[in-house]
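As structure tokens, the structure follows; a few thoughts come after it.
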Amino acid sequence: PTLSSRSTNAMINQRIVASFADDEELVRDYFRRFTEHMCADTNATRCVYIAGGTCQAAFDKAIKMEIITREVCLSATHDISITSIGGKRFIVLEHAPHPSWHLVMGREPKAVRIFKETMCTLNGMRRWCAVGSDIGACVDVALGDLSQLVAERATARTFVTELPYGVRTGRFKPRHAHLRHMDAHKPEVQALMTKWHGASVLLSILTSGNLMVSVLLPSLSSVGVLLVSLLLPAPFPVGMLGMLVPFCV
């Protein structure tokens with residue numbers, strides 16, 4: 001039968017799948033096979049799409065285990081870097097949602113837009129591998145009208161990471177990955193976040209995207225309710241099965 005995230009494969013426990021990313025033996029074995037695949041064609045420039053939260057967690061684990069080395073950041077705005085494994089260098093796009101996420105979310109407009117951004121970014125990466133020059137410019141051309149919004153959100157991420165971590169890195173821990181797609185580039189959102197900064201309720205909202213609004217209503221004013229609607233796009237499904245998608249140019 002055809003697999004469906006809402007029916008046929010409902011028996012798959014995504015939390016167990018997500019736990020695989022923290023198992024050193026599994027991570028080591030997967031990236032051993034991944035290395036063989038990457039080194040199969042020494043003439044190809046490989047681009048890798050880290051698709052989904054589970055694969056991002058496994059990728060981060062592999063870096064921590066010194067299996068993978070993140071060498072050079074090519075574009076902080078687009079989260080693209082040069083990475084190496086087994087002596088083979090490749091271009092990697094990190095922190096992107098799984099390509100089925102917008103379908104799981106019922107084609108919610110924001111999820112569809114993020115999917116489009118991801119695909120355009122991959123096209124820009126392929127273009128850069130072919131012609132060189134500035135990778136940011138190649139990706140911006142591929143993004144078209146979306147490029148300004150992507151840049152604004154990237155700048156805003158550094159503002160958001162200061163709340164839970166106290167530093168403006170723009171990089172989130174796995175459990176906060178969904179915050180990458182919040183609308184923190186909007187002035188009204190930043191104003192609210194600044195106003196609520198330090199309040200335990202704000203950190204609870206930011207770090208627990210599944211809090212029910214009905215639970216918060218007794219303790220939040222209308223401003224607080226607005227905060228919930230502005231800051232929380234639907235987060236990545238917990239433990240969503242991700243994948244590493246290499247392709248050649």
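Letters A, B, ... go to the chains of the structure tokens in the order shown; residues in each chain start at 1; ligands are counted from 1 in the same order.
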If you count only C-alpha atoms, which residues fall within 10 Å of A:Glu66, apart from same-chain ones fewer than 5 positions away, as a PyMOL selection string? chain A and resi 60-61+85
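Across the structure, atom CA of A:Met105 and atom CA of A:Ser81 are spaced 28.5 Å apart.
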Report the closest atom pair, with its distance in Å rounded to one decimal, for each residue of stretch 101-203 of chain A that has an atom no farther than 10 Å from stretch 52-58 of chain A; count only C-alpha atoms, sort by chain and then rising residue number, and write it as a Markdown table.
| residue | atom | partner | partner_atom | distance |
| --- | --- | --- | --- | --- |
| A:Trp101 | CA | A:Gly52 | CA | 8.4 |
| A:Lys173 | CA | A:Ala57 | CA | 9.0 |
| A:Pro174 | CA | A:Ala57 | CA | 6.5 |
| A:Arg175 | CA | A:Gly53 | CA | 8.9 |
| A:Ala177 | CA | A:Gly53 | CA | 7.4 |
| A:His178 | CA | A:Gly53 | CA | 9.1 |
Take the residues that were just selected and, keeping N, CA, C and O atoms, output them as an mmCIF file, in the first residue's frame.
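Result written to selection_30.cif:
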data_model
loop_
_atom_site.group_PDB
_atom_site.id
_atom_site.type_symbol
_atom_site.label_atom_id
_atom_site.label_comp_id
_atom_site.auth_asym_id
_atom_site.auth_seq_id
_atom_site.Cartn_x
_atom_site.Cartn_y
_atom_site.Cartn_z
ATOM 1 N N TRP A 101 7.556 17.809 4.811
ATOM 2 C CA TRP A 101 6.981 18.523 5.958
ATOM 3 C C TRP A 101 5.751 19.342 5.577
ATOM 4 O O TRP A 101 4.748 19.351 6.282
ATOM 5 N N LYS A 173 19.729 24.661 19.257
ATOM 6 C CA LYS A 173 19.842 23.264 19.666
ATOM 7 C C LYS A 173 18.681 22.491 19.032
ATOM 8 O O LYS A 173 17.661 23.077 18.681
ATOM 9 N N PRO A 174 18.831 21.164 18.889
ATOM 10 C CA PRO A 174 17.790 20.373 18.206
ATOM 11 C C PRO A 174 16.381 20.584 18.730
ATOM 12 O O PRO A 174 15.434 20.682 17.948
ATOM 13 N N ARG A 175 16.204 20.685 20.038
ATOM 14 C CA ARG A 175 14.855 20.810 20.588
ATOM 15 C C ARG A 175 14.222 22.169 20.294
ATOM 16 O O ARG A 175 13.028 22.365 20.471
ATOM 17 N N ALA A 177 14.767 23.673 17.214
ATOM 18 C CA ALA A 177 14.985 23.860 15.773
ATOM 19 C C ALA A 177 13.839 24.587 15.093
ATOM 20 O O ALA A 177 14.040 25.342 14.143
ATOM 21 N N HIS A 178 12.602 24.379 15.576
ATOM 22 C CA HIS A 178 11.450 25.003 14.919
ATOM 23 C C HIS A 178 11.474 26.526 15.039
ATOM 24 O O HIS A 178 10.797 27.218 14.288
#
Using the chain letters and numbers from this document, which residues of stretch 54-218 of chain A does DSSP assign to alpha helix (DSSP H), as a CSV table (one decimal) with N, CA, C and O atoms, in the first residue's frame?
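Result file out-v7.csv:
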chain,number,residue,atom,x,y,z
A,54,THR,N,15.8,14.8,12.5
A,54,THR,CA,16.5,13.6,12.9
A,54,THR,C,17.9,13.5,12.2
A,54,THR,O,18.9,13.3,12.9
A,55,CYS,N,17.9,13.8,10.9
A,55,CYS,CA,19.2,13.8,10.2
A,55,CYS,C,20.1,14.9,10.7
A,55,CYS,O,21.3,14.8,10.7
A,56,GLN,N,19.5,16.1,11.0
A,56,GLN,CA,20.4,17.2,11.5
A,56,GLN,C,21.0,16.8,12.9
A,56,GLN,O,22.2,17.0,13.1
A,57,ALA,N,20.2,16.1,13.7
A,57,ALA,CA,20.8,15.6,15.0
A,57,ALA,C,21.9,14.6,14.8
A,57,ALA,O,22.9,14.6,15.4
A,58,ALA,N,21.7,13.7,13.8
A,58,ALA,CA,22.7,12.7,13.5
A,58,ALA,C,24.0,13.4,12.9
A,58,ALA,O,25.1,13.0,13.2
A,59,PHE,N,23.8,14.4,12.1
A,59,PHE,CA,24.9,15.1,11.5
A,59,PHE,C,25.7,15.8,12.5
A,59,PHE,O,26.9,15.8,12.6
A,60,ASP,N,25.0,16.5,13.5
A,60,ASP,CA,25.6,17.2,14.6
A,60,ASP,C,26.4,16.2,15.5
A,60,ASP,O,27.5,16.5,16.0
A,61,LYS,N,25.8,15.0,15.7
A,61,LYS,CA,26.5,14.0,16.5
A,61,LYS,C,27.7,13.5,15.8
A,61,LYS,O,28.8,13.3,16.4
A,62,ALA,N,27.7,13.4,14.5
A,62,ALA,CA,28.9,12.9,13.7
A,62,ALA,C,30.0,14.0,13.8
A,62,ALA,O,31.2,13.6,13.9
A,63,ILE,N,29.6,15.3,13.8
A,63,ILE,CA,30.6,16.3,14.0
A,63,ILE,C,31.2,16.2,15.4
A,63,ILE,O,32.5,16.3,15.5
A,64,LYS,N,30.4,16.0,16.4
A,64,LYS,CA,30.9,15.9,17.7
A,64,LYS,C,31.8,14.7,17.9
A,64,LYS,O,32.8,14.8,18.7
A,101,TRP,N,7.6,17.8,4.8
A,101,TRP,CA,7.0,18.5,6.0
A,101,TRP,C,5.8,19.3,5.6
A,101,TRP,O,4.7,19.4,6.3
A,102,HIS,N,5.8,20.0,4.4
A,102,HIS,CA,4.7,20.9,4.0
A,102,HIS,C,3.5,20.0,3.7
A,102,HIS,O,2.3,20.5,3.8
A,103,LEU,N,3.7,18.7,3.3
A,103,LEU,CA,2.6,17.8,3.1
A,103,LEU,C,2.0,17.4,4.4
A,103,LEU,O,0.7,17.3,4.5
A,104,VAL,N,2.8,17.0,5.3
A,104,VAL,CA,2.4,16.6,6.7
A,104,VAL,C,1.6,17.7,7.3
A,104,VAL,O,0.6,17.5,8.0
A,109,PRO,N,0.4,27.4,4.2
A,109,PRO,CA,1.1,28.3,3.4
A,109,PRO,C,2.5,28.6,3.8
A,109,PRO,O,3.4,28.6,2.9
A,110,LYS,N,2.8,28.7,5.1
A,110,LYS,CA,4.1,29.0,5.5
A,110,LYS,C,5.0,27.8,5.3
A,110,LYS,O,6.2,28.0,4.9
A,111,ALA,N,4.5,26.6,5.5
A,111,ALA,CA,5.3,25.4,5.3
A,111,ALA,C,5.6,25.2,3.8
A,111,ALA,O,6.8,24.8,3.5
A,112,VAL,N,4.7,25.6,3.0
A,112,VAL,CA,4.9,25.5,1.5
A,112,VAL,C,6.0,26.5,1.1
A,112,VAL,O,6.8,26.2,0.3
A,113,ARG,N,5.9,27.7,1.7
A,113,ARG,CA,6.9,28.7,1.3
A,113,ARG,C,8.3,28.3,1.7
A,113,ARG,O,9.3,28.4,1.0
A,114,ILE,N,8.4,27.7,2.9
A,114,ILE,CA,9.7,27.2,3.4
A,114,ILE,C,10.2,26.1,2.5
A,114,ILE,O,11.4,26.0,2.2
A,115,PHE,N,9.3,25.2,2.1
A,115,PHE,CA,9.7,24.2,1.1
A,115,PHE,C,10.3,24.8,-0.2
A,115,PHE,O,11.3,24.3,-0.7
A,116,LYS,N,9.6,25.8,-0.7
A,116,LYS,CA,10.0,26.5,-1.9
A,116,LYS,C,11.4,27.1,-1.7
A,116,LYS,O,12.3,27.0,-2.5
A,117,GLU,N,11.6,27.7,-0.5
A,117,GLU,CA,12.9,28.4,-0.2
A,117,GLU,C,14.0,27.3,-0.2
A,117,GLU,O,15.1,27.5,-0.8
A,118,THR,N,13.7,26.1,0.4
A,118,THR,CA,14.7,25.1,0.4
A,118,THR,C,15.1,24.6,-1.0
A,118,THR,O,16.3,24.5,-1.3
A,119,MET,N,14.1,24.4,-1.8
A,119,MET,CA,14.4,23.9,-3.2
A,119,MET,C,15.2,24.9,-4.0
A,119,MET,O,16.1,24.6,-4.7
A,120,CYS,N,14.8,26.2,-3.8
A,120,CYS,CA,15.5,27.3,-4.5
A,120,CYS,C,17.0,27.4,-4.0
A,120,CYS,O,17.9,27.6,-4.8
A,121,THR,N,17.2,27.2,-2.7
A,121,THR,CA,18.5,27.2,-2.2
A,121,THR,C,19.4,26.1,-2.8
A,121,THR,O,20.5,26.3,-3.1
A,122,LEU,N,18.8,24.9,-2.9
A,122,LEU,CA,19.5,23.8,-3.5
A,122,LEU,C,19.9,24.1,-5.0
A,122,LEU,O,21.0,23.8,-5.4
A,123,ASN,N,19.0,24.7,-5.7
A,123,ASN,CA,19.3,25.1,-7.1
A,123,ASN,C,20.4,26.1,-7.1
A,123,ASN,O,21.3,26.1,-8.0
A,124,GLY,N,20.4,27.0,-6.2
A,124,GLY,CA,21.5,28.0,-6.1
A,124,GLY,C,22.8,27.4,-5.8
A,124,GLY,O,23.9,27.8,-6.3
A,125,MET,N,22.8,26.4,-4.9
A,125,MET,CA,24.1,25.6,-4.6
A,125,MET,C,24.6,24.9,-5.8
A,125,MET,O,25.8,24.9,-6.1
A,126,ARG,N,23.7,24.3,-6.6
A,126,ARG,CA,24.1,23.6,-7.8
A,126,ARG,C,24.7,24.6,-8.8
A,126,ARG,O,25.7,24.3,-9.5
A,127,ARG,N,24.1,25.8,-8.9
A,127,ARG,CA,24.6,26.8,-9.8
A,127,ARG,C,26.0,27.2,-9.4
A,127,ARG,O,26.9,27.4,-10.2
A,128,TRP,N,26.2,27.4,-8.1
A,128,TRP,CA,27.5,27.9,-7.6
A,128,TRP,C,28.6,26.8,-7.9
A,128,TRP,O,29.7,27.1,-8.3
A,129,CYS,N,28.2,25.5,-7.7
A,129,CYS,CA,29.2,24.5,-8.0
A,129,CYS,C,29.6,24.5,-9.5
A,129,CYS,O,30.7,24.1,-9.8
A,130,ALA,N,28.7,24.9,-10.3
A,130,ALA,CA,29.0,24.9,-11.8
A,130,ALA,C,29.8,26.1,-12.2
A,130,ALA,O,30.7,26.0,-13.1
A,131,VAL,N,29.5,27.3,-11.6
A,131,VAL,CA,30.1,28.5,-12.1
A,131,VAL,C,31.1,29.2,-11.1
A,131,VAL,O,31.8,30.1,-11.5
A,135,ILE,N,28.5,32.4,-3.6
A,135,ILE,CA,27.4,31.5,-3.4
A,135,ILE,C,26.2,32.2,-3.0
A,135,ILE,O,25.1,31.8,-3.3
A,136,GLY,N,26.3,33.2,-2.1
A,136,GLY,CA,25.2,34.0,-1.7
A,136,GLY,C,24.4,34.6,-2.8
A,136,GLY,O,23.2,34.6,-2.9
A,137,ALA,N,25.2,35.1,-3.8
A,137,ALA,CA,24.5,35.7,-5.0
A,137,ALA,C,23.8,34.6,-5.8
A,137,ALA,O,22.7,34.9,-6.3
A,138,CYS,N,24.4,33.5,-6.0
A,138,CYS,CA,23.8,32.4,-6.7
A,138,CYS,C,22.5,31.9,-6.1
A,138,CYS,O,21.5,31.7,-6.8
A,139,VAL,N,22.5,31.8,-4.8
A,139,VAL,CA,21.3,31.4,-4.0
A,139,VAL,C,20.2,32.5,-4.1
A,139,VAL,O,19.0,32.2,-4.3
A,140,ASP,N,20.6,33.8,-4.0
A,140,ASP,CA,19.7,34.8,-4.1
A,140,ASP,C,19.0,34.9,-5.4
A,140,ASP,O,17.8,35.2,-5.5
A,141,VAL,N,19.7,34.7,-6.5
A,141,VAL,CA,19.1,34.6,-7.8
A,141,VAL,C,18.1,33.5,-7.9
A,141,VAL,O,17.0,33.7,-8.4
A,142,ALA,N,18.5,32.3,-7.3
A,142,ALA,CA,17.5,31.2,-7.4
A,142,ALA,C,16.3,31.5,-6.5
A,142,ALA,O,15.2,31.0,-6.9
A,143,LEU,N,16.5,32.2,-5.4
A,143,LEU,CA,15.3,32.5,-4.5
A,143,LEU,C,14.4,33.5,-5.1
A,143,LEU,O,13.2,33.6,-4.8
A,147,SER,N,14.3,36.1,-1.6
A,147,SER,CA,15.7,36.3,-1.1
A,147,SER,C,15.7,37.3,0.0
A,147,SER,O,16.4,37.1,1.0
A,148,GLN,N,14.9,38.4,-0.1
A,148,GLN,CA,14.9,39.4,1.0
A,148,GLN,C,14.3,38.9,2.3
A,148,GLN,O,14.9,39.1,3.4
A,149,LEU,N,13.3,38.1,2.2
A,149,LEU,CA,12.6,37.5,3.4
A,149,LEU,C,13.6,36.5,4.0
A,149,LEU,O,13.7,36.5,5.3
A,150,VAL,N,14.3,35.7,3.2
A,150,VAL,CA,15.2,34.8,3.8
A,150,VAL,C,16.3,35.5,4.5
A,150,VAL,O,16.7,35.1,5.7
A,151,ALA,N,16.8,36.6,4.0
A,151,ALA,CA,17.9,37.3,4.6
A,151,ALA,C,17.4,38.0,5.9
A,151,ALA,O,18.1,38.0,6.9
A,152,GLU,N,16.2,38.5,5.9
A,152,GLU,CA,15.6,39.1,7.1
A,152,GLU,C,15.5,38.1,8.2
A,152,GLU,O,15.8,38.4,9.4
A,153,ARG,N,15.0,36.9,7.9
A,153,ARG,CA,14.8,35.9,8.9
A,153,ARG,C,16.1,35.4,9.4
A,153,ARG,O,16.3,35.1,10.6
A,154,ALA,N,17.1,35.3,8.6
A,154,ALA,CA,18.5,34.9,9.0
A,154,ALA,C,19.0,35.9,10.0
A,154,ALA,O,19.6,35.5,11.0
A,155,THR,N,18.9,37.2,9.7
A,155,THR,CA,19.4,38.2,10.7
A,155,THR,C,18.6,38.1,12.0
A,155,THR,O,19.2,38.3,13.1
A,156,ALA,N,17.3,37.9,11.9
A,156,ALA,CA,16.5,37.8,13.1
A,156,ALA,C,16.8,36.6,14.0
A,156,ALA,O,16.6,36.7,15.2
A,157,ARG,N,17.3,35.5,13.4
A,157,ARG,CA,17.7,34.4,14.2
A,157,ARG,C,18.7,34.7,15.2
A,157,ARG,O,18.7,34.1,16.3
A,158,THR,N,19.6,35.6,14.8
A,158,THR,CA,20.7,35.9,15.8
A,158,THR,C,20.1,36.6,17.0
A,158,THR,O,20.5,36.5,18.1
A,159,PHE,N,19.0,37.4,16.8
A,159,PHE,CA,18.3,38.1,17.8
A,159,PHE,C,17.5,37.0,18.7
A,159,PHE,O,17.6,37.1,20.0
A,160,VAL,N,17.0,36.0,18.1
A,160,VAL,CA,16.2,35.0,18.8
A,160,VAL,C,17.1,34.1,19.7
A,160,VAL,O,16.7,33.8,20.9
A,161,THR,N,18.3,33.8,19.2
A,161,THR,CA,19.1,32.9,20.0
A,161,THR,C,19.7,33.5,21.3
A,161,THR,O,20.1,32.8,22.2
A,162,GLU,N,19.6,34.8,21.4
A,162,GLU,CA,20.0,35.5,22.6
A,162,GLU,C,19.1,35.2,23.7
A,162,GLU,O,19.5,35.2,24.9
A,163,LEU,N,17.8,34.9,23.5
A,163,LEU,CA,16.9,34.7,24.5
A,163,LEU,C,17.2,33.4,25.3
A,163,LEU,O,17.4,33.4,26.5
A,164,PRO,N,17.2,32.2,24.7
A,164,PRO,CA,17.5,31.0,25.4
A,164,PRO,C,18.9,30.8,25.7
A,164,PRO,O,19.3,30.1,26.7
A,165,TYR,N,19.9,31.3,24.9
A,165,TYR,CA,21.3,31.0,25.1
A,165,TYR,C,22.1,32.1,25.5
A,165,TYR,O,23.3,31.9,26.0
A,187,PRO,N,8.9,43.7,13.1
A,187,PRO,CA,9.2,44.6,14.2
A,187,PRO,C,8.3,44.3,15.4
A,187,PRO,O,8.7,44.4,16.6
A,188,GLU,N,7.0,44.0,15.2
A,188,GLU,CA,6.1,43.8,16.3
A,188,GLU,C,6.4,42.6,17.1
A,188,GLU,O,6.2,42.5,18.3
A,189,VAL,N,7.0,41.6,16.4
A,189,VAL,CA,7.4,40.4,17.1
A,189,VAL,C,8.6,40.6,18.0
A,189,VAL,O,8.7,40.3,19.2
A,190,GLN,N,9.6,41.3,17.4
A,190,GLN,CA,10.8,41.7,18.2
A,190,GLN,C,10.4,42.6,19.4
A,190,GLN,O,11.0,42.4,20.5
A,191,ALA,N,9.5,43.5,19.2
A,191,ALA,CA,9.1,44.3,20.3
A,191,ALA,C,8.5,43.5,21.4
A,191,ALA,O,8.7,43.8,22.6
A,192,LEU,N,7.6,42.6,21.1
A,192,LEU,CA,7.0,41.7,22.1
A,192,LEU,C,8.0,40.8,22.8
A,192,LEU,O,8.0,40.7,24.0
A,193,MET,N,9.0,40.3,22.0
A,193,MET,CA,10.0,39.4,22.6
A,193,MET,C,10.9,40.2,23.6
A,193,MET,O,11.3,39.8,24.6
A,194,THR,N,11.2,41.5,23.2
A,194,THR,CA,12.0,42.3,24.1
A,194,THR,C,11.2,42.7,25.3
A,194,THR,O,11.8,42.6,26.4
A,195,LYS,N,9.9,42.9,25.2
A,195,LYS,CA,9.1,43.2,26.4
A,195,LYS,C,9.0,42.1,27.4
A,195,LYS,O,9.1,42.3,28.6
A,196,TRP,N,8.9,40.9,26.8
A,196,TRP,CA,8.7,39.7,27.7
A,196,TRP,C,10.1,39.0,28.0
A,196,TRP,O,10.1,38.0,28.7
A,200,SER,N,9.5,33.9,32.6
A,200,SER,CA,9.6,32.5,32.4
A,200,SER,C,8.6,32.0,31.4
A,200,SER,O,8.8,31.0,30.7
A,201,VAL,N,7.4,32.7,31.3
A,201,VAL,CA,6.4,32.3,30.4
A,201,VAL,C,6.9,32.4,28.9
A,201,VAL,O,6.6,31.5,28.1
A,202,LEU,N,7.7,33.4,28.6
A,202,LEU,CA,8.2,33.6,27.2
A,202,LEU,C,9.1,32.4,26.9
A,202,LEU,O,9.0,31.8,25.8
A,203,LEU,N,10.0,32.1,27.8
A,203,LEU,CA,10.9,31.0,27.6
A,203,LEU,C,10.2,29.6,27.4
A,203,LEU,O,10.5,28.8,26.6
A,204,SER,N,9.1,29.5,28.2
A,204,SER,CA,8.3,28.3,28.1
A,204,SER,C,7.6,28.2,26.7
A,204,SER,O,7.6,27.2,26.1
A,205,ILE,N,7.2,29.4,26.2
A,205,ILE,CA,6.6,29.4,24.9
A,205,ILE,C,7.6,29.1,23.8
A,205,ILE,O,7.4,28.3,22.9
A,206,LEU,N,8.8,29.7,23.9
A,206,LEU,CA,9.8,29.5,22.9
A,206,LEU,C,10.3,28.1,22.9
A,206,LEU,O,10.7,27.6,21.8
A,207,THR,N,10.5,27.5,24.0
A,207,THR,CA,11.1,26.1,24.1
A,207,THR,C,10.1,25.0,24.1
A,207,THR,O,10.5,23.9,23.9
A,213,VAL,N,-2.8,27.0,24.0
A,213,VAL,CA,-3.2,28.4,24.2
A,213,VAL,C,-4.2,28.5,25.3
A,213,VAL,O,-4.2,29.4,26.1
A,214,SER,N,-5.1,27.5,25.4
A,214,SER,CA,-6.1,27.5,26.4
A,214,SER,C,-5.5,27.5,27.8
A,214,SER,O,-6.1,28.0,28.8
A,215,VAL,N,-4.4,26.8,28.0
A,215,VAL,CA,-3.7,26.8,29.3
A,215,VAL,C,-3.1,28.1,29.6
A,215,VAL,O,-3.0,28.6,30.7
A,216,LEU,N,-2.6,28.8,28.6
A,216,LEU,CA,-2.0,30.1,28.8
A,216,LEU,C,-2.9,31.3,29.0
A,216,LEU,O,-2.6,32.3,29.6
Between atom CA of A:Glu25 and atom CA of A:Val48, what distance in Å does the model show, to one decimal?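 About the pair atom CA of A:Glu25 and atom CA of A:Val48: they are 22.0 Å apart.
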Measuring between only C-alpha atoms, which one of A:Arg70, A:Arg89, A:Pro99, A:Ser75 shows the shortest distance to A:Asp41?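 Residue with the minimum atom-to-atom distance to A:Asp41: A:Arg89.
With only C-alpha atoms taken into account, the protein and nucleic acid residues at most 10 Å from A:Asp79 (excluding it and anything under 5 positions from it in its own chain) are Cys73, Leu74, Val92, Leu93, Glu94, His95, Ala96, Thr121, Ala154, Gly170 and Arg171 of chain A.
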Would you mind exporting N, CA, C and O atoms of the selected residues as an mmCIF file, in the first residue's frame?
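Printed below is selection-v1.cif as written:
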data_model
loop_
_atom_site.group_PDB
_atom_site.id
_atom_site.type_symbol
_atom_site.label_atom_id
_atom_site.label_comp_id
_atom_site.auth_asym_id
_atom_site.auth_seq_id
_atom_site.Cartn_x
_atom_site.Cartn_y
_atom_site.Cartn_z
ATOM 1 N N CYS A 73 32.312 28.107 6.533
ATOM 2 C CA CYS A 73 30.942 28.578 6.336
ATOM 3 C C CYS A 73 30.915 29.419 5.063
ATOM 4 O O CYS A 73 31.571 30.454 4.979
ATOM 5 N N LEU A 74 30.167 28.959 4.062
ATOM 6 C CA LEU A 74 30.069 29.696 2.803
ATOM 7 C C LEU A 74 29.012 30.784 2.873
ATOM 8 O O LEU A 74 29.161 31.839 2.264
ATOM 9 N N VAL A 92 27.199 21.476 1.968
ATOM 10 C CA VAL A 92 26.058 20.999 2.749
ATOM 11 C C VAL A 92 25.100 22.130 3.095
ATOM 12 O O VAL A 92 25.513 23.242 3.431
ATOM 13 N N LEU A 93 23.808 21.837 2.965
ATOM 14 C CA LEU A 93 22.738 22.736 3.413
ATOM 15 C C LEU A 93 22.170 22.148 4.693
ATOM 16 O O LEU A 93 21.669 21.023 4.702
ATOM 17 N N GLU A 94 22.245 22.910 5.773
ATOM 18 C CA GLU A 94 21.793 22.407 7.076
ATOM 19 C C GLU A 94 20.493 23.071 7.523
ATOM 20 O O GLU A 94 20.078 24.098 7.013
ATOM 21 N N HIS A 95 19.877 22.439 8.532
ATOM 22 C CA HIS A 95 18.715 22.973 9.237
ATOM 23 C C HIS A 95 17.522 23.257 8.324
ATOM 24 O O HIS A 95 16.753 24.186 8.565
ATOM 25 N N ALA A 96 17.375 22.455 7.309
ATOM 26 C CA ALA A 96 16.200 22.575 6.443
ATOM 27 C C ALA A 96 15.193 21.488 6.816
ATOM 28 O O ALA A 96 15.590 20.400 7.245
ATOM 29 N N THR A 121 17.157 27.181 -2.728
ATOM 30 C CA THR A 121 18.514 27.223 -2.178
ATOM 31 C C THR A 121 19.366 26.112 -2.760
ATOM 32 O O THR A 121 20.536 26.320 -3.119
ATOM 33 N N ALA A 154 17.137 35.348 8.580
ATOM 34 C CA ALA A 154 18.460 34.911 9.032
ATOM 35 C C ALA A 154 19.038 35.902 10.032
ATOM 36 O O ALA A 154 19.624 35.508 11.049
ATOM 37 N N GLY A 170 22.642 32.564 16.114
ATOM 38 C CA GLY A 170 21.723 32.183 15.054
ATOM 39 C C GLY A 170 21.582 30.687 14.889
ATOM 40 O O GLY A 170 20.857 30.212 14.012
ATOM 41 N N ARG A 171 22.257 29.892 15.734
ATOM 42 C CA ARG A 171 22.192 28.438 15.658
ATOM 43 C C ARG A 171 21.440 27.904 16.879
ATOM 44 O O ARG A 171 21.727 28.277 18.006
#
Of the candidates A:Ile91, A:Arg15, A:Arg28, A:Glu108, which shows the shortest atom-to-atom distance to A:Arg46, using only C-alpha atoms? A:Ile91
Leaving out A:Lys88 and any residue of its chain fewer than 4 positions from it, which residues lie within 12 Å of it when counting only C-alpha atoms, given as a count of residues only? 22
